[in-house]
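Peer 1: First the structure, which I've put down as structure tokens, then a few questions once you've had a look.
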Amino acid sequence: MAAPPPPPVFIAPEKMEKKKWAVVDASVKPFCTLDLSGEHPHPNINKVDWSTLQGITNNKTEKVGSGAQVTFAKVDNGVVVLKAAHSVGQEWMGSVVANLCGAAVPKCRIIPSSSDEFANIRAGVDAIAVADPAVEYSKSMFKRVMATYPALLIMDFVEESKSTPLSERSLRDIGALVVLDLLIINIDRFPLWKSVAVDDDGCNLGNIIVKTDATVVAIDQETRGVLGDFGRYEAVLCEAVDDLVS
């Protein structure tokens, strides 16, 4: 008799880190400090003129390759977000599922390293001419990012409100995010997954942004799969739902 197949397991996630799209304090490292408080999103991330790149701000101080690298880029028509990670494909797919669920997420698309646009971004970074060590540090770090990862994910810049109270609409938006995270097994927002090994409880509310109109936008929705039969996924999903409603 043949040996039974091994039990299905979750694809091992990368080491979880609590991250938020925010500018790192300039006192930690010499970063190119863009003041994003008065900036507005670029109107169309499909048509960005990288020759007008004015500045960039990185959000990480650790070494390139240690996790997702998020960079804010300011061009003539506004600000966009560039994310580099080995999981940009999964995050793009998460945004597709989010749209089907009615969950609000930033528009995004993938820029492969082999594309002309990728080269245009690199040229735009090289052309930033400011005699400041902070600027040179940000440029150098971002070029290392571009040399390390096979693609960038470009996303809408979301303006966050620190004082807008939640409304009934906000709660409905959060409910849609819970449904989304259950479907794609996103373990980096709500503490839903007892059966998935993470470094913390999986609660990272920094991946929820409240806008001035009280709508709730989600960031960092990476899809994860299950190796094995669908029954295992169903069991884990039912466990999460039971915990949620109990």
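The way I read the labels, and the way they are meant: chains A, B, ... in the order of the structure tokens, residue 1 as the first residue of every chain, and ligand 1 as the first ligand shown, with later ones counted on from there.
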Skip stretch 81-83 of chain A itself and residues of its chain fewer than 4 positions away, then list as a list in words all residues within 7 Å of it, counting only C-alpha atoms.
Peer 2: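 Everything that qualifies: Ala68, Gln69, Val70, Thr71, Phe72, Ala73, Leu152, Leu153, Ile154, Met155, Asp156 and Phe157 of chain A.
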Peer 1: Do you have the atom CA of A:Gly38-atom CA of A:Val79 distance handy?
Peer 2: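 If I compute the distance from atom CA of A:Gly38 to atom CA of A:Val79, I get 10.5 Å.
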Peer 1: A:Ser170: which residues within 10 Å, counting only C-alpha atoms, same-chain residues fewer than 6 positions away excluded, as a list of chain:residue names?
Peer 2: A:Ala176, A:Val210, A:Lys211, A:Asp213, A:Ala214, A:Thr215, A:Val216, A:Val217
Peer 1: Write the residues of the selection above to a file with C-alpha atoms, as a PDB file, in the first residue's frame.
Peer 2:
```pdb
ATOM      1  CA  ALA A 176     -15.246  44.284   3.212  1.00  0.00           C
ATOM      2  CA  VAL A 210      -8.785  56.342   6.841  1.00  0.00           C
ATOM      3  CA  LYS A 211      -9.234  59.194   4.372  1.00  0.00           C
ATOM      4  CA  ASP A 213     -14.142  61.476   3.747  1.00  0.00           C
ATOM      5  CA  ALA A 214     -14.079  58.562   6.268  1.00  0.00           C
ATOM      6  CA  THR A 215     -13.659  55.936   3.572  1.00  0.00           C
ATOM      7  CA  VAL A 216     -11.232  53.162   4.493  1.00  0.00           C
ATOM      8  CA  VAL A 217      -8.475  52.102   2.094  1.00  0.00           C
TER       9      VAL A 217
END
```
Peer 1: What residues in stretch 154-220 of chain A get the DSSP label strand (DSSP E or B)? Please answer as a PyMOL selection string.
Peer 2: chain A and resi 154-156+189+203+208-210+216-218
Peer 1: Kindly export the residues of the current selection with N, CA, C and O atoms, as a PDB file, in the first residue's frame.
Peer 2:
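Listed below is the output, out.pdb:
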```
ATOM      1  N   ILE A 154       3.843  50.024  -8.834  1.00  0.00           N
ATOM      2  CA  ILE A 154       3.504  51.433  -8.696  1.00  0.00           C
ATOM      3  C   ILE A 154       2.063  51.532  -8.221  1.00  0.00           C
ATOM      4  O   ILE A 154       1.184  50.818  -8.711  1.00  0.00           O
ATOM      5  N   MET A 155       1.826  52.385  -7.243  1.00  0.00           N
ATOM      6  CA  MET A 155       0.505  52.501  -6.624  1.00  0.00           C
ATOM      7  C   MET A 155       0.127  53.959  -6.429  1.00  0.00           C
ATOM      8  O   MET A 155       0.985  54.842  -6.387  1.00  0.00           O
ATOM      9  N   ASP A 156      -1.182  54.172  -6.284  1.00  0.00           N
ATOM     10  CA  ASP A 156      -1.675  55.487  -5.918  1.00  0.00           C
ATOM     11  C   ASP A 156      -1.168  55.874  -4.534  1.00  0.00           C
ATOM     12  O   ASP A 156      -1.103  55.037  -3.623  1.00  0.00           O
ATOM     13  N   ARG A 189      -2.972  41.996   8.608  1.00  0.00           N
ATOM     14  CA  ARG A 189      -3.875  43.121   8.882  1.00  0.00           C
ATOM     15  C   ARG A 189      -4.713  42.824  10.132  1.00  0.00           C
ATOM     16  O   ARG A 189      -4.587  43.498  11.136  1.00  0.00           O
ATOM     17  N   CYS A 203      -1.781  41.081  13.711  1.00  0.00           N
ATOM     18  CA  CYS A 203      -2.557  42.324  13.724  1.00  0.00           C
ATOM     19  C   CYS A 203      -1.661  43.492  13.327  1.00  0.00           C
ATOM     20  O   CYS A 203      -0.723  43.834  14.037  1.00  0.00           O
ATOM     21  N   ILE A 208      -4.340  49.799   7.274  1.00  0.00           N
ATOM     22  CA  ILE A 208      -5.650  50.398   7.025  1.00  0.00           C
ATOM     23  C   ILE A 208      -5.483  51.906   7.084  1.00  0.00           C
ATOM     24  O   ILE A 208      -4.940  52.441   8.052  1.00  0.00           O
ATOM     25  N   ILE A 209      -5.935  52.602   6.062  1.00  0.00           N
ATOM     26  CA  ILE A 209      -5.843  54.062   6.005  1.00  0.00           C
ATOM     27  C   ILE A 209      -7.251  54.651   5.966  1.00  0.00           C
ATOM     28  O   ILE A 209      -8.090  54.237   5.153  1.00  0.00           O
ATOM     29  N   VAL A 210      -7.512  55.615   6.838  1.00  0.00           N
ATOM     30  CA  VAL A 210      -8.785  56.342   6.841  1.00  0.00           C
ATOM     31  C   VAL A 210      -8.569  57.677   6.145  1.00  0.00           C
ATOM     32  O   VAL A 210      -7.687  58.453   6.538  1.00  0.00           O
ATOM     33  N   VAL A 216     -12.362  53.939   4.008  1.00  0.00           N
ATOM     34  CA  VAL A 216     -11.232  53.162   4.493  1.00  0.00           C
ATOM     35  C   VAL A 216     -10.560  52.478   3.309  1.00  0.00           C
ATOM     36  O   VAL A 216     -11.211  51.805   2.513  1.00  0.00           O
ATOM     37  N   VAL A 217      -9.255  52.672   3.187  1.00  0.00           N
ATOM     38  CA  VAL A 217      -8.475  52.102   2.094  1.00  0.00           C
ATOM     39  C   VAL A 217      -7.473  51.112   2.686  1.00  0.00           C
ATOM     40  O   VAL A 217      -6.846  51.391   3.716  1.00  0.00           O
ATOM     41  N   ALA A 218      -7.326  49.961   2.027  1.00  0.00           N
ATOM     42  CA  ALA A 218      -6.400  48.932   2.497  1.00  0.00           C
ATOM     43  C   ALA A 218      -5.111  48.973   1.706  1.00  0.00           C
ATOM     44  O   ALA A 218      -5.112  49.229   0.499  1.00  0.00           O
TER      45      ALA A 218
END
```
Peer 1: From the set A:Ser113, A:Asn120, A:Ser37, A:Ser167, which residue has the shortest atom-to-atom contact distance to A:Ala147, counting only C-alpha atoms?
Peer 2: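 Among the listed residues, A:Ser113 lies closest to A:Ala147.
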Peer 1: I'd like to know which of A:Pro150, A:Pro41, A:Gly124, A:Pro106 is closest to A:Val88, using only C-alpha atoms.
Peer 2: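 The answer is A:Pro150, which sits nearest to A:Val88.
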Peer 1: What does the distance from atom CA of A:Trp50 to atom CA of A:Tyr149 come to in Å, to one decimal?
Peer 2: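 Atom CA of A:Tyr149 lies 19.2 Å from atom CA of A:Trp50.
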Peer 1: Report as a PyMOL selection string all protein, DNA and RNA residues lying within 8 Å of A:Val145, evaluated on only C-alpha atoms, omitting residues in the same chain fewer than 2 positions from it.
Peer 2: chain A and resi 64-65+69+84+141-143+147-149
Peer 1: Selected residues, N, CA and C atoms, written as a PDB file, in the first residue's frame, please.
Peer 2:
```pdb
ATOM      1  N   VAL A  64      18.895  46.617   1.932  1.00  0.00           N
ATOM      2  CA  VAL A  64      18.063  46.279   0.785  1.00  0.00           C
ATOM      3  C   VAL A  64      17.983  44.765   0.670  1.00  0.00           C
ATOM      4  N   GLY A  65      16.758  44.270   0.440  1.00  0.00           N
ATOM      5  CA  GLY A  65      16.549  42.837   0.315  1.00  0.00           C
ATOM      6  C   GLY A  65      16.008  42.212   1.578  1.00  0.00           C
ATOM      7  N   GLN A  69      10.383  47.215   0.182  1.00  0.00           N
ATOM      8  CA  GLN A  69      10.960  48.555   0.167  1.00  0.00           C
ATOM      9  C   GLN A  69       9.949  49.496  -0.481  1.00  0.00           C
ATOM     10  N   ALA A  84       8.956  47.767  -3.871  1.00  0.00           N
ATOM     11  CA  ALA A  84       9.800  46.681  -4.364  1.00  0.00           C
ATOM     12  C   ALA A  84       9.763  45.544  -3.359  1.00  0.00           C
ATOM     13  N   MET A 141      20.261  54.438  -2.298  1.00  0.00           N
ATOM     14  CA  MET A 141      19.494  53.322  -1.763  1.00  0.00           C
ATOM     15  C   MET A 141      18.465  52.829  -2.777  1.00  0.00           C
ATOM     16  N   PHE A 142      17.785  53.762  -3.423  1.00  0.00           N
ATOM     17  CA  PHE A 142      16.751  53.354  -4.372  1.00  0.00           C
ATOM     18  C   PHE A 142      17.357  52.654  -5.581  1.00  0.00           C
ATOM     19  N   LYS A 143      18.529  53.081  -6.010  1.00  0.00           N
ATOM     20  CA  LYS A 143      19.171  52.392  -7.132  1.00  0.00           C
ATOM     21  C   LYS A 143      19.584  50.980  -6.749  1.00  0.00           C
ATOM     22  N   ALA A 147      18.257  47.455  -8.498  1.00  0.00           N
ATOM     23  CA  ALA A 147      19.176  46.420  -8.948  1.00  0.00           C
ATOM     24  C   ALA A 147      18.915  45.076  -8.277  1.00  0.00           C
ATOM     25  N   THR A 148      18.121  45.078  -7.207  1.00  0.00           N
ATOM     26  CA  THR A 148      17.897  43.857  -6.429  1.00  0.00           C
ATOM     27  C   THR A 148      16.622  43.127  -6.816  1.00  0.00           C
ATOM     28  N   TYR A 149      15.576  43.872  -7.119  1.00  0.00           N
ATOM     29  CA  TYR A 149      14.265  43.270  -7.330  1.00  0.00           C
ATOM     30  C   TYR A 149      13.916  43.210  -8.819  1.00  0.00           C
TER      31      TYR A 149
END
```
Peer 1: Can you tell me, as a ChimeraX atom specification, which residues in stretch 149-213 of chain A count as alpha helix (DSSP H) by DSSP?
Peer 2: /A:168-184
Peer 1: Using the selection just defined, write its residues with N, CA and C atoms as a JSON list (two decimals), in the first residue's frame.
Peer 2:
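Result file selection_27.json:
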```json
[["chain", "number", "residue", "atom", "x", "y", "z"],
["A", 168, "GLU", "N", -20.51, 54.98, 9.67],
["A", 168, "GLU", "CA", -21.10, 53.70, 9.27],
["A", 168, "GLU", "C", -20.47, 53.20, 7.98],
["A", 169, "ARG", "N", -20.18, 54.12, 7.07],
["A", 169, "ARG", "CA", -19.50, 53.74, 5.82],
["A", 169, "ARG", "C", -18.14, 53.14, 6.13],
["A", 170, "SER", "N", -17.43, 53.72, 7.10],
["A", 170, "SER", "CA", -16.11, 53.20, 7.46],
["A", 170, "SER", "C", -16.20, 51.76, 7.94],
["A", 171, "LEU", "N", -17.20, 51.47, 8.76],
["A", 171, "LEU", "CA", -17.36, 50.13, 9.30],
["A", 171, "LEU", "C", -17.70, 49.14, 8.20],
["A", 172, "ARG", "N", -18.50, 49.56, 7.24],
["A", 172, "ARG", "CA", -18.80, 48.69, 6.10],
["A", 172, "ARG", "C", -17.54, 48.41, 5.28],
["A", 173, "ASP", "N", -16.72, 49.44, 5.12],
["A", 173, "ASP", "CA", -15.46, 49.26, 4.40],
["A", 173, "ASP", "C", -14.56, 48.26, 5.12],
["A", 174, "ILE", "N", -14.51, 48.37, 6.45],
["A", 174, "ILE", "CA", -13.68, 47.44, 7.23],
["A", 174, "ILE", "C", -14.23, 46.02, 7.11],
["A", 175, "GLY", "N", -15.54, 45.88, 7.08],
["A", 175, "GLY", "CA", -16.13, 44.56, 6.88],
["A", 175, "GLY", "C", -15.73, 43.95, 5.56],
["A", 176, "ALA", "N", -15.69, 44.78, 4.52],
["A", 176, "ALA", "CA", -15.25, 44.28, 3.21],
["A", 176, "ALA", "C", -13.79, 43.84, 3.26],
["A", 177, "LEU", "N", -12.97, 44.52, 4.06],
["A", 177, "LEU", "CA", -11.56, 44.14, 4.18],
["A", 177, "LEU", "C", -11.41, 42.80, 4.90],
["A", 178, "VAL", "N", -12.27, 42.55, 5.89],
["A", 178, "VAL", "CA", -12.23, 41.26, 6.58],
["A", 178, "VAL", "C", -12.54, 40.14, 5.60],
["A", 179, "VAL", "N", -13.56, 40.34, 4.76],
["A", 179, "VAL", "CA", -13.91, 39.33, 3.75],
["A", 179, "VAL", "C", -12.74, 39.12, 2.80],
["A", 180, "LEU", "N", -12.14, 40.22, 2.36],
["A", 180, "LEU", "CA", -10.99, 40.12, 1.46],
["A", 180, "LEU", "C", -9.87, 39.30, 2.09],
["A", 181, "ASP", "N", -9.51, 39.62, 3.33],
["A", 181, "ASP", "CA", -8.39, 38.95, 3.97],
["A", 181, "ASP", "C", -8.67, 37.46, 4.20],
["A", 182, "LEU", "N", -9.92, 37.11, 4.44],
["A", 182, "LEU", "CA", -10.28, 35.70, 4.58],
["A", 182, "LEU", "C", -10.09, 34.98, 3.25],
["A", 183, "LEU", "N", -10.47, 35.62, 2.16],
["A", 183, "LEU", "CA", -10.40, 34.97, 0.85],
["A", 183, "LEU", "C", -8.96, 34.76, 0.40],
["A", 184, "ILE", "N", -8.10, 35.74, 0.64],
["A", 184, "ILE", "CA", -6.74, 35.66, 0.10],
["A", 184, "ILE", "C", -5.72, 35.19, 1.14]]
```
Peer 1: Please, what distance in Å, to one decimal, runs between atom CA of A:Lys139 and atom CA of A:Pro112?
Peer 2: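 These atoms are spaced 19.5 Å apart.
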